[in-house]
Each structure stands twice: as C-alpha cells, then as structure tokens.
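Have a look at structure.txt; it's compact mmCIF, C-alpha atoms:
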# COMPACT_ATOMS: atom_id res chain seq x y z
CA MET I 272 -18.79 37.83 -23.59
CA SER I 273 -16.59 40.24 -25.45
CA ASN I 274 -13.30 39.25 -27.03
CA ARG I 275 -11.42 41.50 -24.63
CA VAL I 276 -12.86 39.72 -21.57
CA LYS I 277 -12.16 36.34 -23.14
CA ARG I 278 -8.57 37.37 -23.80
CA THR I 279 -8.16 38.64 -20.23
CA LEU I 280 -9.57 35.42 -18.79
CA THR I 281 -7.31 33.35 -21.03
CA VAL I 282 -4.23 35.28 -19.91
CA LEU I 283 -5.24 34.92 -16.25
CA ALA I 284 -5.85 31.18 -16.66
CA ALA I 285 -2.47 30.76 -18.39
CA MET I 286 -0.71 32.67 -15.59
CA PHE I 287 -2.40 30.49 -12.99
CA ALA I 288 -1.49 27.30 -14.86
CA LEU I 289 2.15 28.39 -15.11
CA HIS I 290 2.26 29.36 -11.44
CA ALA I 291 0.54 26.19 -10.21
CA GLY I 292 2.80 23.91 -12.26
CA ASN I 293 6.12 25.15 -10.91
CA ALA I 294 7.81 22.94 -8.35
CA TYR I 295 11.08 24.26 -7.07
CA ALA I 296 13.65 21.84 -5.69
CA VAL I 297 16.77 22.80 -3.80
CA PRO I 298 19.84 20.65 -3.14
CA PHE I 299 19.66 19.19 0.34
CA ALA I 300 21.53 16.77 2.60
CA TRP I 301 20.08 14.55 5.30
CA PHE I 302 22.19 12.97 8.07
CA ASP I 303 21.58 10.15 10.50
CA GLN I 304 23.95 8.89 13.19
CA PHE I 305 23.61 5.52 14.90
CA ASP I 306 25.85 5.25 17.94
CA ARG I 307 25.02 2.81 20.71
CA GLY I 308 28.40 3.28 22.36
CA ASP I 309 31.14 0.67 22.55
CA ILE I 310 29.33 -2.64 22.29
CA ALA I 311 30.86 -6.01 21.69
CA VAL I 312 29.01 -7.85 18.97
CA GLY I 313 28.77 -11.57 18.67
CA PRO I 314 27.49 -13.19 15.53
CA GLN I 315 25.28 -10.38 14.13
CA LEU I 316 24.14 -6.76 14.66
CA ASN I 317 21.01 -5.34 13.02
CA PHE I 318 20.06 -1.66 12.99
CA SER I 319 18.59 0.95 10.66
CA HIS I 320 19.09 4.55 9.63
CA ASP I 321 15.98 6.72 9.24
CA ILE I 322 16.25 10.18 7.62
CA ARG I 323 12.50 10.89 7.80
CA ASP I 324 12.45 12.28 11.34
CA GLY I 325 12.68 15.94 12.34
CA ALA I 326 11.24 19.10 10.84
CA ASN I 327 13.43 18.80 7.74
CA GLY I 328 13.17 15.03 7.41
CA PHE I 329 13.04 13.24 4.07
CA ARG I 330 9.53 13.11 2.56
CA ALA I 331 9.09 9.97 0.46
CA GLY I 332 7.36 10.70 -2.84
CA ILE I 333 8.12 14.43 -2.60
CA ASP I 334 11.89 14.69 -2.10
CA SER I 335 14.36 12.84 -4.29
CA ILE I 336 17.65 11.14 -3.48
CA SER I 337 20.63 11.31 -5.81
CA SER I 338 23.26 9.56 -3.69
CA ALA I 339 23.99 8.21 -0.23
CA SER I 340 27.09 7.21 1.64
CA LEU I 341 27.37 5.05 4.72
CA ASN I 342 30.31 5.06 7.09
CA VAL I 343 30.52 2.19 9.60
CA VAL I 344 33.23 2.20 12.29
CA LEU I 345 34.20 -1.13 13.86
CA SER I 346 37.16 -2.14 15.98
CA ASP I 347 38.89 -5.25 17.15
CA ASP I 348 37.62 -6.21 20.60
CA ALA I 349 40.97 -7.54 21.82
CA LEU I 350 43.23 -5.28 23.83
CA PHE I 351 46.30 -6.46 21.94
CA GLY I 352 44.63 -6.85 18.55
CA ASP I 353 45.21 -9.94 16.51
CA LEU I 354 48.56 -11.07 17.84
CA PRO I 355 48.38 -14.87 17.84
CA ILE I 356 49.79 -15.33 21.35
CA ILE I 357 48.02 -12.57 23.34
CA GLY I 358 45.27 -11.39 20.99
CA ASP I 359 42.08 -13.14 20.00
CA GLY I 360 42.76 -13.71 16.29
CA GLN I 361 41.57 -11.93 13.18
CA GLU I 362 37.94 -10.72 13.01
CA SER I 363 36.16 -10.42 9.73
CA VAL I 364 32.69 -9.11 8.91
CA SER I 365 30.29 -8.83 6.01
CA PHE I 366 27.43 -6.39 5.44
CA ASN I 367 23.86 -6.63 4.14
CA PHE I 368 21.75 -3.58 3.13
CA ASP I 369 17.95 -3.91 2.93
CA GLY I 370 18.19 -7.60 2.13
CA THR I 371 20.38 -7.12 -0.94
CA GLY I 372 22.74 -9.96 0.03
CA TRP I 373 25.91 -10.19 2.05
CA THR I 374 29.08 -8.50 0.89
CA SER I 375 32.33 -10.41 0.82
CA ALA I 376 34.12 -10.75 4.18
CA GLN I 377 36.37 -7.88 5.25
CA ASN I 378 38.91 -7.92 8.08
CA VAL I 379 38.49 -5.80 11.19
CA GLY I 380 41.66 -4.40 12.78
CA LEU I 381 42.30 -2.11 15.74
CA LEU I 382 40.09 0.64 14.29
CA ASP I 383 38.59 0.23 10.82
CA VAL I 384 36.23 2.44 8.88
CA PHE I 385 34.11 0.83 6.17
CA ASP I 386 32.68 3.16 3.53
CA PHE I 387 29.82 2.36 1.16
CA GLN I 388 28.22 4.40 -1.64
CA PHE I 389 24.61 3.92 -2.69
CA ASP I 390 22.63 5.16 -5.67
CA SER I 391 18.85 5.26 -5.20
CA LEU I 392 18.81 2.67 -2.42
CA LEU I 393 16.85 4.81 0.02
CA MET I 394 13.65 5.70 -1.81
CA ASP I 395 11.62 5.49 1.42
CA GLY I 396 14.19 7.23 3.65
CA VAL I 397 15.07 4.14 5.68
CA ILE I 398 17.90 1.67 5.23
CA GLY I 399 18.26 -1.53 7.24
CA ILE I 400 21.79 -2.72 7.95
CA SER I 401 23.05 -6.06 9.20
CA ILE I 402 26.64 -6.77 10.16
CA ARG I 403 27.65 -10.33 10.88
CA ALA I 404 30.85 -11.75 12.23
CA VAL I 405 32.20 -14.21 9.70
CA GLN I 406 35.09 -15.02 12.01
CA GLY I 407 35.61 -13.88 15.62
CA ASP I 408 33.75 -10.93 17.10
CA PHE I 409 34.13 -7.15 16.97
CA LYS I 410 33.14 -3.85 18.60
CA PHE I 411 30.60 -1.63 16.92
CA LEU I 412 31.52 2.04 17.43
CA SER I 413 29.24 4.07 15.14
CA SER I 414 27.49 4.37 11.81
CA THR I 415 26.83 7.58 9.88
CA LEU I 416 24.56 7.94 6.88
CA VAL I 417 24.78 11.01 4.60
CA VAL I 418 22.17 11.33 1.87
CA THR I 419 22.12 14.04 -0.80
CA GLY I 420 19.26 14.92 -3.09
CA ASP I 421 16.65 17.53 -3.86
CA ARG I 422 14.11 18.87 -1.41
CA ALA I 423 10.94 19.94 -3.20
CA ALA I 424 9.41 23.20 -2.08
CA VAL I 425 5.77 22.90 -1.09
CA PRO I 426 3.76 26.09 -1.58
CA GLU I 427 2.31 27.62 1.56
CA PRO I 428 -1.49 27.36 1.86
CA MET I 429 -1.83 31.09 2.54
CA SER I 430 0.02 31.98 -0.67
CA LEU I 431 -2.30 29.78 -2.70
CA ALA I 432 -5.37 31.19 -0.90
CA LEU I 433 -4.22 34.76 -1.57
CA PHE I 434 -3.59 33.99 -5.24
CA GLY I 435 -7.02 32.33 -5.55
CA THR I 436 -8.76 35.28 -3.87
CA GLY I 437 -7.06 37.73 -6.24
CA LEU I 438 -8.02 35.64 -9.26
CA PHE I 439 -11.64 35.45 -8.05
CA ALA I 440 -11.73 39.23 -7.56
CA LEU I 441 -10.43 39.82 -11.09
CA LEU I 442 -13.00 37.46 -12.56
CA ALA I 443 -15.81 39.12 -10.56
CA PHE I 444 -14.66 42.57 -11.71
CA ALA I 445 -14.54 41.41 -15.35
CA ALA I 446 -18.02 39.87 -15.12
CA ARG I 447 -19.45 43.02 -13.57
CA ARG I 448 -17.88 45.14 -16.28
CA VAL I 449 -19.36 42.92 -19.00
CA ARG I 450 -22.85 43.23 -17.46
CA ALA I 451 -22.54 47.02 -17.19
CA THR I 452 -21.54 47.41 -20.87
CA PRO I 453 -24.60 47.89 -23.12
CA ASN I 454 -24.96 45.48 -26.04
CA ARG I 455 -24.12 46.97 -29.39

Would you mind writing the structure in this file as structure tokens?
Amino acid sequence: MSNRVKRTLTVLAAMFALHAGNAYAVPFAWFDQFDRGDIAVGPQLNFSHDIRDGANGFRAGIDSISSASLNVVLSDDALFGDLPIIGDGQESVSFNFDGTGWTSAQNVGLLDVFDFQFDSLLMDGVIGISIRAVQGDFKFLSSTLVVTGDRAAVPEPMSLALFGTGLFALLAFAARRVRATPNR
C-alpha cells in the first residue's frame, strides 16, 4: 500500500472517530402533574411522579438531570379553617421522598403550597412521595414536578448507515486505485 493511500485511510478513520464520538446534549425540561382532584386524606397519601412517559420522556442512562423542583398543594379540609370553636383544629404534615426519611412537620392552612428542590434525586426518572398527617387531616389538591437537565441527541440510524456506505465506497475506490497502479 502506498503512503498516499495510507494517509488517506488514516484521515478517513480519524474523521469517522471524531464524528462517532460526538454526543450533543441540549437543555431540556420534563414536567409531570399529579392531580386526583379534591380528596380528603386521612393518615397518609402515597403517589409518584414519572417523567419517563411520552415521546420526549426522560431516558435513564442517556439523559442527565441537573435539578428538580416539586410543588405540592394542600388545603385545610375544614370549611372554617382552624378556628377552635367551628373549625377542626390545625393540620400538620410531613413529607418523605424515595424513602429518604420524613421531613419535619409543617402546618396546613386554608391553601398552602409546599415547595421542594432536589439535586440528582431522580436518576431513574421516577420519584415516590408520601405525605402523612402528623396531626388532623388535609385535602390534597395537586402536585407538580419540574425537572431540568440535558437531553442527549441520539444519531439517526439512516445517517450512520449513509456515513458508513460513503466510507466503504471511498475505501473500495482507494483499494481499486492501488491495484490498478503498477508497482515501481
């Protein structure tokens, strides 16, 4: 094989290696809403958020998560709130995320929004949530999960097939040219 052919093949192999090694990631946000309507909750409510569903769902092991925020909306189940005479007393709740342990108790008023921030808690795209009544009971209104991260681009199979076919054609052309050249 001549030096020129070797150089050409080396350049082609280097271009292929550089092309095959690039993985492009774009910033992305996934959302999940859990809303079972106005339900009165006794001692405990368990549910989960799953951002893996849908055409643009989170792909564990491919996409990456940089942060997540959870917004849980609860309300007092009494018509008159926590007034001692006509209400039902103060409700308080605590939260548990994926078995990490219960948070400290927090009071629930007429309409309270509890916000939580997570870093790298959702590596598989699912988070389990438990809310328990520490005192009294409450109404669960909704829960919204917003996750931000990077969505990795996966090359299309046709693009890779076209690139491979072109590379094969160049190699075949180079080999044919080497065979046609007389030895000196």

So the first atom is CA of Phe409 (chain I) and the second is CA of Gly396 (chain I); what is the distance between them in Å, to one decimal place? 28.0 Å

Need the axis-aligned box for region 301-304 of chain I with 6 Å each side, so what are the centre and edges in Å to one decimal, as lines of an AutoDock Vina configuration file?
center_x = 22.0
center_y = 11.7
center_z = 9.2
size_x = 15.9
size_y = 17.7
size_z = 19.9

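Rounded to one decimal, CA of Phe366 (chain I) and CA of Asp395 (chain I) lie 20.2 Å from each other.
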
Distance table requested - region 371-446 of chain I against region 318-339 of chain I, cut-off 12 Å, only C-alpha atoms: one row per qualifying residue with the closest atom pair and its distance in Å to one decimal, ordered by chain and rising residue number, as a Markdown table.
| residue | atom | partner | partner_atom | distance |
| --- | --- | --- | --- | --- |
| I:Asp386 | CA | I:Ala339 | CA | 10.7 |
| I:Phe387 | CA | I:Ala339 | CA | 8.4 |
| I:Gln388 | CA | I:Ala339 | CA | 5.9 |
| I:Phe389 | CA | I:Ala339 | CA | 5.0 |
| I:Asp390 | CA | I:Ser338 | CA | 4.9 |
| I:Ser391 | CA | I:Ile336 | CA | 6.2 |
| I:Leu392 | CA | I:Ala339 | CA | 7.9 |
| I:Leu393 | CA | I:Ile336 | CA | 7.3 |
| I:Met394 | CA | I:Ala331 | CA | 6.6 |
| I:Asp395 | CA | I:Ala331 | CA | 5.2 |
| I:Gly396 | CA | I:Ile322 | CA | 5.4 |
| I:Val397 | CA | I:Asp321 | CA | 4.5 |
| I:Ile398 | CA | I:His320 | CA | 5.4 |
| I:Gly399 | CA | I:Ser319 | CA | 4.2 |
| I:Ile400 | CA | I:Phe318 | CA | 5.4 |
| I:Ser401 | CA | I:Phe318 | CA | 6.5 |
| I:Ile402 | CA | I:Phe318 | CA | 8.8 |
| I:Arg403 | CA | I:Phe318 | CA | 11.7 |
| I:Phe411 | CA | I:Phe318 | CA | 11.2 |
| I:Ser413 | CA | I:Phe318 | CA | 11.0 |
| I:Ser414 | CA | I:His320 | CA | 8.7 |
| I:Thr415 | CA | I:His320 | CA | 8.3 |
| I:Leu416 | CA | I:His320 | CA | 7.0 |
| I:Val417 | CA | I:Ala339 | CA | 5.6 |
| I:Val418 | CA | I:Ala339 | CA | 4.2 |
| I:Thr419 | CA | I:Ser338 | CA | 5.5 |
| I:Gly420 | CA | I:Ile336 | CA | 4.1 |
| I:Asp421 | CA | I:Ser335 | CA | 5.2 |
| I:Arg422 | CA | I:Asp334 | CA | 4.8 |
| I:Ala423 | CA | I:Asp334 | CA | 5.4 |
| I:Ala424 | CA | I:Asp334 | CA | 8.9 |
| I:Val425 | CA | I:Ile333 | CA | 8.9 |

To one decimal place, how far is CA of Val379 (chain I) from CA of Ala300 (chain I) in Å? 29.5 Å

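When only C-alpha atoms are used to compute distances to Asp347 (chain I), the closest of the residues I:Gly372, I:Pro298, I:Gly407, I:Pro314 turns out to be I:Gly407.
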
From the list I:Ala446, I:Ser346, I:Ala404, I:Phe305, which residue is nearest Thr374 (chain I) when using only C-alpha atoms? I:Ala404

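For Gln377 (chain I), the residues within 8 Å (counting only C-alpha atoms, excluding itself and residues fewer than 2 positions away along the chain) are Ser363, Val364, Ser365, Ser375 and Val379 of chain I.
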
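With only C-alpha atoms as the atoms that count, the minimum distance from Phe385 (chain I) to the choices I:Leu345, I:Ala432, I:Leu316, I:Gln406 is reached by I:Leu345.
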
Mind dumping region 297-319 of chain I from that block, keeping C-alpha atoms, as an mmCIF file, in the first residue's frame?
data_model
loop_
_atom_site.group_PDB
_atom_site.id
_atom_site.type_symbol
_atom_site.label_atom_id
_atom_site.label_comp_id
_atom_site.auth_asym_id
_atom_site.auth_seq_id
_atom_site.Cartn_x
_atom_site.Cartn_y
_atom_site.Cartn_z
ATOM 1 C CA VAL I 297 -29.444 20.161 24.676
ATOM 2 C CA PRO I 298 -31.031 21.734 27.758
ATOM 3 C CA PHE I 299 -34.434 20.206 28.372
ATOM 4 C CA ALA I 300 -37.254 20.286 30.917
ATOM 5 C CA TRP I 301 -39.621 17.467 31.829
ATOM 6 C CA PHE I 302 -42.947 18.022 33.621
ATOM 7 C CA ASP I 303 -45.313 15.732 35.468
ATOM 8 C CA GLN I 304 -48.603 16.670 37.097
ATOM 9 C CA PHE I 305 -50.382 14.520 39.674
ATOM 10 C CA ASP I 306 -53.916 15.715 40.303
ATOM 11 C CA ARG I 307 -56.524 13.332 41.661
ATOM 12 C CA GLY I 308 -58.976 16.135 42.346
ATOM 13 C CA ASP I 309 -60.057 17.324 45.779
ATOM 14 C CA ILE I 310 -59.545 14.328 48.030
ATOM 15 C CA ALA I 311 -59.592 14.289 51.782
ATOM 16 C CA VAL I 312 -56.613 12.434 53.135
ATOM 17 C CA GLY I 313 -56.505 10.625 56.415
ATOM 18 C CA PRO I 314 -53.249 9.453 57.888
ATOM 19 C CA GLN I 315 -51.128 9.067 54.703
ATOM 20 C CA LEU I 316 -51.105 9.577 50.905
ATOM 21 C CA ASN I 317 -48.604 7.816 48.627
ATOM 22 C CA PHE I 318 -48.083 8.636 44.952
ATOM 23 C CA SER I 319 -45.273 9.009 42.420
#
